[in-house]
file entry.pdb (PDB, C-alpha atoms)
ATOM      1  CA  MET R   1      12.411  -1.463 -16.451
ATOM      2  CA  LYS R   2      10.682   1.173 -18.574
ATOM      3  CA  TYR R   3       7.020   0.503 -19.336
ATOM      4  CA  SER R   4       4.282   2.192 -21.318
ATOM      5  CA  VAL R   5       0.634   1.530 -22.117
ATOM      6  CA  VAL R   6      -0.393   1.823 -25.752
ATOM      7  CA  ILE R   7      -3.026   0.925 -28.313
ATOM      8  CA  PHE R   8      -1.983  -0.720 -31.565
ATOM      9  CA  PRO R   9      -4.647   0.101 -34.182
ATOM     10  CA  SER R  10      -5.804  -2.330 -36.881
ATOM     11  CA  SER R  11      -3.288  -3.645 -39.412
ATOM     12  CA  LYS R  12      -4.830  -1.395 -42.067
ATOM     13  CA  VAL R  13      -4.094   1.722 -40.024
ATOM     14  CA  GLN R  14      -0.658   0.413 -39.035
ATOM     15  CA  GLU R  15       0.249  -0.129 -42.677
ATOM     16  CA  PHE R  16      -1.020   3.325 -43.641
ATOM     17  CA  ALA R  17       1.010   4.910 -40.837
ATOM     18  CA  ASN R  18       4.151   2.904 -41.587
ATOM     19  CA  GLN R  19       4.357   4.295 -45.121
ATOM     20  CA  TYR R  20       5.216   7.596 -43.436
ATOM     21  CA  ARG R  21       6.952   6.309 -40.309
ATOM     22  CA  LYS R  22       9.455   4.357 -42.403
ATOM     23  CA  ARG R  23      10.646   7.665 -43.760
ATOM     24  CA  TYR R  24       9.985  10.168 -40.993
ATOM     25  CA  ASP R  25       9.945   8.370 -37.644
ATOM     26  CA  SER R  26      13.194   7.251 -35.989
ATOM     27  CA  THR R  27      11.222   4.816 -33.795
ATOM     28  CA  TYR R  28       9.923   2.929 -36.860
ATOM     29  CA  ALA R  29      12.006  -0.176 -36.147
ATOM     30  CA  LEU R  30      11.534  -0.003 -32.369
ATOM     31  CA  ILE R  31       7.749  -0.291 -32.124
ATOM     32  CA  PRO R  32       4.735  -0.753 -34.431
ATOM     33  CA  PRO R  33       2.451   2.286 -34.929
ATOM     34  CA  PHE R  34       0.795   3.107 -31.615
ATOM     35  CA  ILE R  35      -1.485   5.477 -29.741
ATOM     36  CA  ARG R  36      -0.008   6.134 -26.324
ATOM     37  CA  LEU R  37      -2.283   5.934 -23.289
ATOM     38  CA  LYS R  38       0.427   6.593 -20.716
ATOM     39  CA  GLU R  39       3.875   8.114 -21.174
ATOM     40  CA  ALA R  40       6.837   5.772 -20.629
ATOM     41  CA  PHE R  41       7.672   5.340 -16.941
ATOM     42  CA  GLU R  42      10.121   3.418 -14.794
ATOM     43  CA  LEU R  43       8.545   0.701 -12.689
ATOM     44  CA  ASP R  44      10.138  -1.639 -10.218
ATOM     45  CA  ASP R  45       9.318  -5.174 -11.386
ATOM     46  CA  ALA R  46       7.966  -5.926  -7.909
ATOM     47  CA  LYS R  47       5.128  -3.496  -8.637
ATOM     48  CA  LEU R  48       4.245  -5.113 -11.951
ATOM     49  CA  PRO R  49       1.460  -7.353 -10.559
ATOM     50  CA  GLU R  50      -0.275  -4.295  -9.095
ATOM     51  CA  LEU R  51      -0.124  -2.508 -12.441
ATOM     52  CA  VAL R  52      -1.390  -5.559 -14.345
ATOM     53  CA  GLU R  53      -4.289  -5.928 -11.899
ATOM     54  CA  HIS R  54      -5.148  -2.248 -12.344
ATOM     55  CA  LEU R  55      -5.089  -2.507 -16.149
ATOM     56  CA  GLN R  56      -7.249  -5.630 -16.034
ATOM     57  CA  GLN R  57      -9.813  -3.732 -13.973
ATOM     58  CA  VAL R  58      -9.753  -0.792 -16.379
ATOM     59  CA  ALA R  59     -10.208  -3.074 -19.405
ATOM     60  CA  GLU R  60     -13.077  -4.968 -17.791
ATOM     61  CA  HIS R  61     -14.961  -1.739 -17.181
ATOM     62  CA  THR R  62     -14.401  -0.104 -20.560
ATOM     63  CA  ASP R  63     -16.419  -0.754 -23.710
ATOM     64  CA  SER R  64     -14.594  -1.194 -26.999
ATOM     65  CA  PHE R  65     -15.102   1.699 -29.402
ATOM     66  CA  THR R  66     -14.309   2.957 -32.886
ATOM     67  CA  ALA R  67     -11.557   5.488 -33.539
ATOM     68  CA  LYS R  68     -11.729   7.870 -36.483
ATOM     69  CA  PHE R  69      -8.538   9.316 -37.939
ATOM     70  CA  HIS R  70      -9.551  12.359 -39.925
ATOM     71  CA  ARG R  71      -6.422  14.411 -40.648
ATOM     72  CA  PHE R  72      -2.701  14.948 -40.250
ATOM     73  CA  SER R  73      -1.760  17.367 -37.501
ATOM     74  CA  THR R  74       1.340  18.616 -35.671
ATOM     75  CA  PHE R  75       2.458  19.579 -32.165
ATOM     76  CA  HIS R  76       4.716  22.290 -33.581
ATOM     77  CA  PRO R  77       6.031  24.545 -31.996
ATOM     78  CA  THR R  78       5.986  22.423 -28.789
ATOM     79  CA  ASN R  79       7.290  19.378 -30.626
ATOM     80  CA  ASN R  80       8.171  18.953 -34.290
ATOM     81  CA  VAL R  81       6.009  15.891 -34.558
ATOM     82  CA  ILE R  82       3.449  15.075 -37.258
ATOM     83  CA  TYR R  83       0.658  12.728 -36.299
ATOM     84  CA  LEU R  84      -2.639  11.261 -37.379
ATOM     85  CA  GLY R  85      -5.296  13.141 -35.477
ATOM     86  CA  ILE R  86      -8.302  11.449 -33.929
ATOM     87  CA  GLN R  87     -11.758  12.912 -34.375
ATOM     88  CA  ASN R  88     -13.496  11.270 -31.418
ATOM     89  CA  LYS R  89     -11.062  12.001 -28.596
ATOM     90  CA  GLU R  90     -13.399  11.402 -25.640
ATOM     91  CA  ALA R  91     -13.159   7.613 -25.453
ATOM     92  CA  PHE R  92      -9.356   7.816 -25.480
ATOM     93  CA  GLU R  93      -9.338  10.548 -22.842
ATOM     94  CA  GLU R  94     -11.522   8.458 -20.578
ATOM     95  CA  LEU R  95      -9.267   5.427 -21.009
ATOM     96  CA  HIS R  96      -6.151   7.556 -20.449
ATOM     97  CA  HIS R  97      -7.488   8.943 -17.177
ATOM     98  CA  GLN R  98      -8.247   5.499 -15.872
ATOM     99  CA  VAL R  99      -4.945   3.979 -16.976
ATOM    100  CA  ILE R 100      -2.760   6.648 -15.338
ATOM    101  CA  GLU R 101      -4.425   6.212 -11.959
ATOM    102  CA  CYS R 102      -1.885   3.588 -10.974
ATOM    103  CA  CYS R 103       1.713   3.012 -10.033
ATOM    104  CA  SER R 104       3.347   6.309 -10.803
ATOM    105  CA  SER R 105       3.185   9.447  -8.720
ATOM    106  CA  ARG R 106       4.898  11.413 -11.470
ATOM    107  CA  PRO R 107       2.386  13.460 -13.460
ATOM    108  CA  GLU R 108       2.341  13.140 -17.242
ATOM    109  CA  THR R 109       4.630  15.634 -18.994
ATOM    110  CA  TYR R 110       2.139  16.635 -21.664
ATOM    111  CA  ALA R 111      -1.584  17.243 -21.648
ATOM    112  CA  PHE R 112      -3.133  14.164 -23.215
ATOM    113  CA  VAL R 113      -3.980  14.446 -26.900
ATOM    114  CA  PRO R 114      -4.723  11.056 -28.464
ATOM    115  CA  HIS R 115      -2.639  10.723 -31.604
ATOM    116  CA  LEU R 116      -0.627   8.364 -33.767
ATOM    117  CA  THR R 117       2.832   9.770 -34.515
ATOM    118  CA  ILE R 118       3.982   9.296 -38.113
ATOM    119  CA  GLY R 119       7.051  11.571 -38.037
ATOM    120  CA  ARG R 120       9.279  13.273 -35.457
ATOM    121  CA  ASP R 121      12.446  15.367 -34.988
ATOM    122  CA  PHE R 122      11.832  17.431 -38.098
ATOM    123  CA  ALA R 123      13.829  20.599 -38.670
ATOM    124  CA  ASP R 124      11.426  23.583 -38.802
ATOM    125  CA  ASP R 125      11.719  23.959 -42.588
ATOM    126  CA  GLU R 126      11.294  20.247 -43.216
ATOM    127  CA  LEU R 127       8.265  20.128 -40.950
ATOM    128  CA  LYS R 128       6.676  22.957 -42.888
ATOM    129  CA  ASP R 129       7.333  21.211 -46.216
ATOM    130  CA  VAL R 130       6.186  17.732 -45.205
ATOM    131  CA  TYR R 131       3.231  18.930 -43.184
ATOM    132  CA  GLY R 132       2.174  21.205 -46.031
ATOM    133  CA  GLN R 133       2.112  18.234 -48.398
ATOM    134  CA  LEU R 134       0.350  15.937 -45.954
ATOM    135  CA  THR R 135      -2.471  18.317 -45.126
ATOM    136  CA  MET R 136      -3.481  18.098 -48.804
ATOM    137  CA  ALA R 137      -4.072  14.345 -48.404
ATOM    138  CA  LYS R 138      -7.496  13.108 -47.423
ATOM    139  CA  VAL R 139      -7.531  10.953 -44.306
ATOM    140  CA  ASP R 140     -10.563   8.877 -43.474
ATOM    141  CA  LEU R 141      -9.643   5.789 -41.500
ATOM    142  CA  GLU R 142     -11.552   3.886 -38.882
ATOM    143  CA  THR R 143     -10.241   1.295 -36.484
ATOM    144  CA  GLU R 144     -11.975  -0.774 -33.846
ATOM    145  CA  ILE R 145     -10.304  -0.306 -30.447
ATOM    146  CA  ASP R 146     -10.989  -3.468 -28.465
ATOM    147  CA  ARG R 147      -7.710  -3.910 -26.561
ATOM    148  CA  PHE R 148      -4.643  -2.114 -25.250
ATOM    149  CA  HIS R 149      -1.151  -3.353 -24.483
ATOM    150  CA  LEU R 150       1.350  -3.046 -21.650
ATOM    151  CA  ILE R 151       4.791  -2.832 -23.242
ATOM    152  CA  TYR R 152       8.369  -2.623 -21.946
ATOM    153  CA  GLN R 153      11.600  -1.393 -23.432
ATOM    154  CA  LEU R 154      14.699  -3.516 -23.919
ATOM    155  CA  GLU R 155      18.237  -2.117 -23.573
ATOM    156  CA  ASP R 156      18.538  -1.549 -27.309
ATOM    157  CA  GLY R 157      15.427   0.621 -27.374
ATOM    158  CA  ILE R 158      13.078  -1.979 -28.867
ATOM    159  CA  TRP R 159       9.662  -2.281 -27.231
ATOM    160  CA  SER R 160       8.235  -5.703 -26.482
ATOM    161  CA  VAL R 161       4.657  -6.548 -25.485
ATOM    162  CA  TYR R 162       4.187  -7.862 -21.961
ATOM    163  CA  GLN R 163       0.433  -8.301 -21.971
ATOM    164  CA  SER R 164      -2.709  -7.387 -23.887
ATOM    165  CA  PHE R 165      -5.959  -6.341 -22.210
ATOM    166  CA  GLN R 166      -9.297  -6.815 -23.951
ATOM    167  CA  LEU R 167     -11.988  -4.183 -23.588
ATOM    168  CA  ARG R 168     -15.619  -5.156 -23.054
ATOM    169  CA  LYS R 169     -17.383  -6.103 -26.312
TER
ATOM    170  CA  MET K   1      -3.136 -11.987 -42.800
ATOM    171  CA  LYS K   2      -0.138 -14.019 -41.679
ATOM    172  CA  TYR K   3      -0.165 -15.111 -38.033
ATOM    173  CA  SER K   4       2.161 -16.999 -35.738
ATOM    174  CA  VAL K   5       2.190 -18.079 -32.090
ATOM    175  CA  VAL K   6       5.339 -17.352 -30.111
ATOM    176  CA  ILE K   7       6.817 -17.001 -26.642
ATOM    177  CA  PHE K   8       8.811 -13.895 -25.777
ATOM    178  CA  PRO K   9      11.232 -14.837 -22.979
ATOM    179  CA  SER K  10      12.169 -12.503 -20.083
ATOM    180  CA  SER K  11      13.841  -9.178 -20.846
ATOM    181  CA  LYS K  12      17.147 -10.587 -19.549
ATOM    182  CA  VAL K  13      17.086 -13.381 -22.120
ATOM    183  CA  GLN K  14      15.866 -11.014 -24.850
ATOM    184  CA  GLU K  15      18.764  -8.660 -24.186
ATOM    185  CA  PHE K  16      21.251 -11.531 -24.178
ATOM    186  CA  ALA K  17      19.887 -12.811 -27.491
ATOM    187  CA  ASN K  18      19.751  -9.372 -29.092
ATOM    188  CA  GLN K  19      23.497  -8.875 -28.648
ATOM    189  CA  TYR K  20      23.859 -11.592 -31.285
ATOM    190  CA  ARG K  21      20.676 -10.990 -33.279
ATOM    191  CA  LYS K  22      21.658  -7.374 -33.927
ATOM    192  CA  ARG K  23      24.649  -8.706 -35.816
ATOM    193  CA  TYR K  24      23.544 -12.059 -37.195
ATOM    194  CA  ASP K  25      19.751 -12.077 -37.557
ATOM    195  CA  SER K  26      18.057 -10.232 -40.426
ATOM    196  CA  THR K  27      14.755 -10.293 -38.496
ATOM    197  CA  TYR K  28      16.270  -8.305 -35.590
ATOM    198  CA  ALA K  29      14.232  -5.180 -36.358
ATOM    199  CA  LEU K  30      11.063  -7.090 -37.287
ATOM    200  CA  ILE K  31      10.377  -8.948 -34.046
ATOM    201  CA  PRO K  32      11.826  -9.221 -30.511
ATOM    202  CA  PRO K  33      13.639 -12.487 -29.649
ATOM    203  CA  PHE K  34      11.107 -15.313 -29.668
ATOM    204  CA  ILE K  35      10.542 -19.037 -29.322
ATOM    205  CA  ARG K  36       8.084 -20.160 -31.986
ATOM    206  CA  LEU K  37       5.215 -22.440 -31.002
ATOM    207  CA  LYS K  38       3.607 -22.550 -34.435
ATOM    208  CA  GLU K  39       5.072 -21.733 -37.823
ATOM    209  CA  ALA K  40       3.676 -18.663 -39.574
ATOM    210  CA  PHE K  41       0.396 -19.392 -41.353
ATOM    211  CA  GLU K  42      -2.212 -17.544 -43.374
ATOM    212  CA  LEU K  43      -5.550 -17.173 -41.646
ATOM    213  CA  ASP K  44      -8.729 -15.588 -42.882
ATOM    214  CA  ASP K  45      -9.646 -12.882 -40.365
ATOM    215  CA  ALA K  46     -13.110 -14.420 -40.083
ATOM    216  CA  LYS K  47     -11.489 -17.430 -38.419
ATOM    217  CA  LEU K  48      -9.594 -15.323 -35.890
ATOM    218  CA  PRO K  49     -12.185 -15.651 -33.070
ATOM    219  CA  GLU K  50     -11.996 -19.447 -33.327
ATOM    220  CA  LEU K  51      -8.198 -19.367 -33.052
ATOM    221  CA  VAL K  52      -8.285 -16.955 -30.104
ATOM    222  CA  GLU K  53     -10.803 -19.168 -28.318
ATOM    223  CA  HIS K  54      -8.596 -22.194 -28.924
ATOM    224  CA  LEU K  55      -5.486 -20.438 -27.600
ATOM    225  CA  GLN K  56      -7.394 -19.267 -24.520
ATOM    226  CA  GLN K  57      -8.385 -22.854 -23.821
ATOM    227  CA  VAL K  58      -4.815 -24.050 -24.255
ATOM    228  CA  ALA K  59      -3.474 -21.344 -21.920
ATOM    229  CA  GLU K  60      -6.079 -22.053 -19.249
ATOM    230  CA  HIS K  61      -5.090 -25.717 -19.164
ATOM    231  CA  THR K  62      -1.311 -25.281 -19.171
ATOM    232  CA  ASP K  63       0.852 -24.553 -16.137
ATOM    233  CA  SER K  64       3.581 -21.947 -16.395
ATOM    234  CA  PHE K  65       7.080 -23.402 -16.334
ATOM    235  CA  THR K  66      10.761 -22.517 -16.343
ATOM    236  CA  ALA K  67      12.864 -22.735 -19.492
ATOM    237  CA  LYS K  68      16.590 -23.416 -19.319
ATOM    238  CA  PHE K  69      18.856 -22.248 -22.122
ATOM    239  CA  HIS K  70      22.052 -24.264 -21.813
ATOM    240  CA  ARG K  71      23.998 -23.891 -25.074
ATOM    241  CA  PHE K  72      24.258 -22.539 -28.587
ATOM    242  CA  SER K  73      23.278 -24.980 -31.291
ATOM    243  CA  THR K  74      22.646 -25.061 -35.049
ATOM    244  CA  PHE K  75      20.265 -26.615 -37.583
ATOM    245  CA  HIS K  76      23.076 -26.932 -40.138
ATOM    246  CA  PRO K  77      23.014 -28.543 -42.687
ATOM    247  CA  THR K  78      19.184 -28.310 -42.855
ATOM    248  CA  ASN K  79      19.287 -24.602 -42.118
ATOM    249  CA  ASN K  80      22.246 -22.324 -41.468
ATOM    250  CA  VAL K  81      20.697 -21.031 -38.293
ATOM    251  CA  ILE K  82      22.337 -20.637 -34.889
ATOM    252  CA  TYR K  83      20.067 -20.729 -31.879
ATOM    253  CA  LEU K  84      19.926 -20.897 -28.125
ATOM    254  CA  GLY K  85      19.026 -24.454 -27.261
ATOM    255  CA  ILE K  86      16.582 -25.379 -24.539
ATOM    256  CA  GLN K  87      17.430 -28.089 -22.049
ATOM    257  CA  ASN K  88      13.896 -28.961 -20.889
ATOM    258  CA  LYS K  89      12.097 -29.392 -24.194
ATOM    259  CA  GLU K  90       9.066 -31.354 -22.953
ATOM    260  CA  ALA K  91       6.963 -28.437 -21.707
ATOM    261  CA  PHE K  92       7.420 -26.619 -25.014
ATOM    262  CA  GLU K  93       6.609 -29.729 -27.019
ATOM    263  CA  GLU K  94       3.402 -30.215 -25.069
ATOM    264  CA  LEU K  95       2.396 -26.588 -25.618
ATOM    265  CA  HIS K  96       3.298 -26.792 -29.312
ATOM    266  CA  HIS K  97       1.131 -29.874 -29.854
ATOM    267  CA  GLN K  98      -1.843 -28.202 -28.239
ATOM    268  CA  VAL K  99      -1.401 -24.897 -30.065
ATOM    269  CA  ILE K 100      -1.212 -26.434 -33.554
ATOM    270  CA  GLU K 101      -4.473 -28.343 -33.090
ATOM    271  CA  CYS K 102      -6.446 -25.450 -34.530
ATOM    272  CA  CYS K 103      -7.225 -23.544 -37.666
ATOM    273  CA  SER K 104      -4.717 -24.843 -40.130
ATOM    274  CA  SER K 105      -4.868 -28.125 -41.970
ATOM    275  CA  ARG K 106      -1.368 -27.602 -43.312
ATOM    276  CA  PRO K 107       1.180 -29.639 -41.349
ATOM    277  CA  GLU K 108       4.214 -27.888 -39.887
ATOM    278  CA  THR K 109       7.198 -27.868 -42.261
ATOM    279  CA  TYR K 110       9.768 -28.827 -39.647
ATOM    280  CA  ALA K 111       9.733 -31.229 -36.732
ATOM    281  CA  PHE K 112       9.337 -29.076 -33.642
ATOM    282  CA  VAL K 113      12.545 -28.235 -31.780
ATOM    283  CA  PRO K 114      12.053 -25.433 -29.251
ATOM    284  CA  HIS K 115      14.747 -22.826 -29.836
ATOM    285  CA  LEU K 116      15.515 -19.128 -29.877
ATOM    286  CA  THR K 117      17.200 -18.084 -33.132
ATOM    287  CA  ILE K 118      20.127 -15.680 -32.702
ATOM    288  CA  GLY K 119      21.501 -15.821 -36.256
ATOM    289  CA  ARG K 120      20.385 -16.998 -39.701
ATOM    290  CA  ASP K 121      21.356 -17.130 -43.390
ATOM    291  CA  PHE K 122      25.019 -17.738 -42.686
ATOM    292  CA  ALA K 123      27.316 -18.869 -45.474
ATOM    293  CA  ASP K 124      28.756 -22.296 -44.595
ATOM    294  CA  ASP K 125      32.206 -20.901 -43.725
ATOM    295  CA  GLU K 126      30.794 -18.065 -41.645
ATOM    296  CA  LEU K 127      28.535 -20.464 -39.789
ATOM    297  CA  LYS K 128      31.496 -22.636 -38.931
ATOM    298  CA  ASP K 129      33.495 -19.641 -37.648
ATOM    299  CA  VAL K 130      30.723 -18.014 -35.619
ATOM    300  CA  TYR K 131      29.371 -21.268 -34.270
ATOM    301  CA  GLY K 132      32.866 -22.370 -33.341
ATOM    302  CA  GLN K 133      33.329 -19.212 -31.281
ATOM    303  CA  LEU K 134      29.914 -19.378 -29.675
ATOM    304  CA  THR K 135      30.188 -22.970 -28.523
ATOM    305  CA  MET K 136      33.117 -21.846 -26.339
ATOM    306  CA  ALA K 137      30.765 -19.489 -24.449
ATOM    307  CA  LYS K 138      28.987 -20.747 -21.361
ATOM    308  CA  VAL K 139      25.207 -20.379 -21.504
ATOM    309  CA  ASP K 140      23.171 -20.737 -18.361
ATOM    310  CA  LEU K 141      19.967 -18.722 -18.559
ATOM    311  CA  GLU K 142      16.578 -19.348 -17.045
ATOM    312  CA  THR K 143      13.314 -17.691 -17.915
ATOM    313  CA  GLU K 144       9.842 -18.107 -16.495
ATOM    314  CA  ILE K 145       7.342 -18.977 -19.250
ATOM    315  CA  ASP K 146       3.964 -17.765 -18.061
ATOM    316  CA  ARG K 147       2.399 -16.506 -21.307
ATOM    317  CA  PHE K 148       2.492 -16.793 -25.069
ATOM    318  CA  HIS K 149       1.505 -14.363 -27.813
ATOM    319  CA  LEU K 150      -0.525 -14.451 -31.009
ATOM    320  CA  ILE K 151       1.243 -12.174 -33.490
ATOM    321  CA  TYR K 152       0.570 -11.004 -37.046
ATOM    322  CA  GLN K 153       2.748  -9.640 -39.799
ATOM    323  CA  LEU K 154       2.349  -6.230 -41.400
ATOM    324  CA  GLU K 155       3.083  -5.590 -45.079
ATOM    325  CA  ASP K 156       6.576  -4.333 -44.316
ATOM    326  CA  GLY K 157       7.479  -7.575 -42.536
ATOM    327  CA  ILE K 158       7.198  -6.218 -38.977
ATOM    328  CA  TRP K 159       5.341  -8.430 -36.509
ATOM    329  CA  SER K 160       2.803  -6.890 -34.166
ATOM    330  CA  VAL K 161       1.211  -8.533 -31.107
ATOM    331  CA  TYR K 162      -2.500  -9.222 -31.362
ATOM    332  CA  GLN K 163      -3.071 -10.837 -27.991
ATOM    333  CA  SER K 164      -1.239 -12.375 -25.038
ATOM    334  CA  PHE K 165      -2.408 -15.535 -23.271
ATOM    335  CA  GLN K 166      -1.457 -16.217 -19.649
ATOM    336  CA  LEU K 167      -0.644 -19.735 -18.539
ATOM    337  CA  ARG K 168      -1.939 -21.092 -15.258
ATOM    338  CA  LYS K 169       0.175 -19.994 -12.265
TER
END

call {"tool": "encode", "arguments": {"input": "entry.pdb", "output": "structure tokens"}}
result
Amino acid sequence: MKYSVVIFPSSKVQEFANQYRKRYDSTYALIPPFIRLKEAFELDDAKLPELVEHLQQVAEHTDSFTAKFHRFSTFHPTNNVIYLGIQNKEAFEELHHQVIECCSSRPETYAFVPHLTIGRDFADDELKDVYGQLTMAKVDLETEIDRFHLIYQLEDGIWSVYQSFQLRK
Amino acid sequence: MKYSVVIFPSSKVQEFANQYRKRYDSTYALIPPFIRLKEAFELDDAKLPELVEHLQQVAEHTDSFTAKFHRFSTFHPTNNVIYLGIQNKEAFEELHHQVIECCSSRPETYAFVPHLTIGRDFADDELKDVYGQLTMAKVDLETEIDRFHLIYQLEDGIWSVYQSFQLRK
């Protein structure tokens, strides 16, 4: 089964992001808006208890924090993705490093940049157009991060939540 | 915000159900296959901690159990819904009664019948056709129920998981 570890931001941020995702993100109907902590990975179900135990430990030793989305950004030319950028990256980086310490020997494909994707698979011209428009918009959103989720993918591509993990208050 | 309390069955059952939901259920892209424990209800976010505390208590005092799906069934003529019926209803009924004891004075609209909807909003003729075909199929699925989820609905109708609650092993 394919798993991933993600953060779902507050409903306010999810609704803001979905205005764009509905139009620009092909995964709109497969998963709510998310910030990925660990890239998707195959895991034998027998190893699931070990992963859950690890994530519980991580959550118990991490304080909840506030995330600030301050602008639209893009991974172009590496990836024609547009995302909501996060101003205070450190707390996410710390959480990412702890989360990935378990259950997968495969290194992450990309250097970790905390972000919330709102569009993907743009043609170069389209990316330039849309990104040009979006960078004019003011972004100033905050969301309390007090939990993360272990999710798994069904055959049809839809992601389902297996378990949530609360951070320390 | 609108909340609900549901069980997501194992991925095997979800994939079985989604074969039908993809075709017959307009909520296919809004939520993975689920068994509802409490009808959707409005809750002031200030009351959320009380609900979460209640659900934690319920989970801590309930043993996990096995659910057996044994046939397709329908709520026609009350509702033109087709669902996967559950053979051992008692454990779900018990959990339902405990879950609804909090945070909403409004009684449930329908008597509780544990089920997993695979199609809805059929015209009478279509229901008869589809249901007729489905009742010929053999259903014999088991799923371990060891958690339930508190979910909330975004503006665009998509449901997102707020928190999972593990039952006693």

call {"tool": "resolve_selection", "arguments": {"input": "entry.pdb", "expression": "the ChimeraX specification (/R :<6) & /K", "output": "count of residues only"}}
result
3

call {"tool": "atom_distance", "arguments": {"input": "entry.pdb", "atom1": "atom CA of R:Tyr110", "atom2": "atom CA of R:Asp44"}}
result
23.0 Å

call {"tool": "resolve_selection", "arguments": {"input": "entry.pdb", "expression": "the PyMOL selection byres ((chain R and resi 65) around 9)", "output": "VMD selection string"}}
result
chain R and resid 63 to 64 66 to 67 91 143 to 146 167 169

call {"tool": "resolve_selection", "arguments": {"input": "entry.pdb", "expression": "the PyMOL selection byres ((chain K and resi 83) around 9)", "output": "short mmCIF file (atom, residue, chain, number, x, y, z; two decimals) with C-alpha atoms, keeping the file's coordinate frame"}}
result
data_model
loop_
_atom_site.label_atom_id
_atom_site.label_comp_id
_atom_site.auth_asym_id
_atom_site.auth_seq_id
_atom_site.Cartn_x
_atom_site.Cartn_y
_atom_site.Cartn_z
CA ARG K 71 24.00 -23.89 -25.07
CA PHE K 72 24.26 -22.54 -28.59
CA SER K 73 23.28 -24.98 -31.29
CA THR K 74 22.65 -25.06 -35.05
CA PHE K 75 20.26 -26.62 -37.58
CA VAL K 81 20.70 -21.03 -38.29
CA ILE K 82 22.34 -20.64 -34.89
CA LEU K 84 19.93 -20.90 -28.12
CA GLY K 85 19.03 -24.45 -27.26
CA HIS K 115 14.75 -22.83 -29.84
CA LEU K 116 15.52 -19.13 -29.88
CA THR K 117 17.20 -18.08 -33.13
CA ILE K 118 20.13 -15.68 -32.70
CA GLY K 119 21.50 -15.82 -36.26
CA ARG K 120 20.39 -17.00 -39.70
#

call {"tool": "axis_aligned_box", "arguments": {"input": "entry.pdb", "around": "stretch 22-40 of chain K", "padding_each_side": "8 Å", "output": "lines of an AutoDock Vina configuration file"}}
result
center_x = 14.1
center_y = -13.9
center_z = -34.9
size_x = 37.0
size_y = 33.4
size_z = 27.1

call {"tool": "atom_distance", "arguments": {"input": "entry.pdb", "atom1": "atom CA of K:Val13", "atom2": "atom CA of R:Tyr3"}}
result
17.4 Å

call {"tool": "atom_distance", "arguments": {"input": "entry.pdb", "atom1": "atom CA of R:Phe92", "atom2": "atom CA of R:Glu39"}}
result
13.9 Å

call {"tool": "closest_residue", "arguments": {"input": "entry.pdb", "among": "R:Lys47, R:His97, R:Lys128, R:Lys138", "to": "R:His70", "atoms": "all atoms listed in the file"}}
result
R:Lys138

call {"tool": "closest_residue", "arguments": {"input": "entry.pdb", "among": "R:Ala40, R:Leu127, R:Ile35, R:Cys103", "to": "R:Asn79", "atoms": "all atoms listed in the file"}}
result
R:Leu127

call {"tool": "closest_residue", "arguments": {"input": "entry.pdb", "among": "R:Glu93, R:Asp45, R:Asp121, R:Asp140", "to": "R:Arg23", "atoms": "only C-alpha atoms"}}
result
R:Asp121

call {"tool": "closest_residue", "arguments": {"input": "entry.pdb", "among": "K:Arg106, K:Leu150, K:Thr78, K:Leu95", "to": "K:Val58", "atoms": "all atoms listed in the file"}}
result
K:Leu95

call {"tool": "closest_residue", "arguments": {"input": "entry.pdb", "among": "K:Leu141, K:Ala111, K:Ala59, K:Leu51", "to": "K:Ala17", "atoms": "all atoms listed in the file"}}
result
K:Leu141
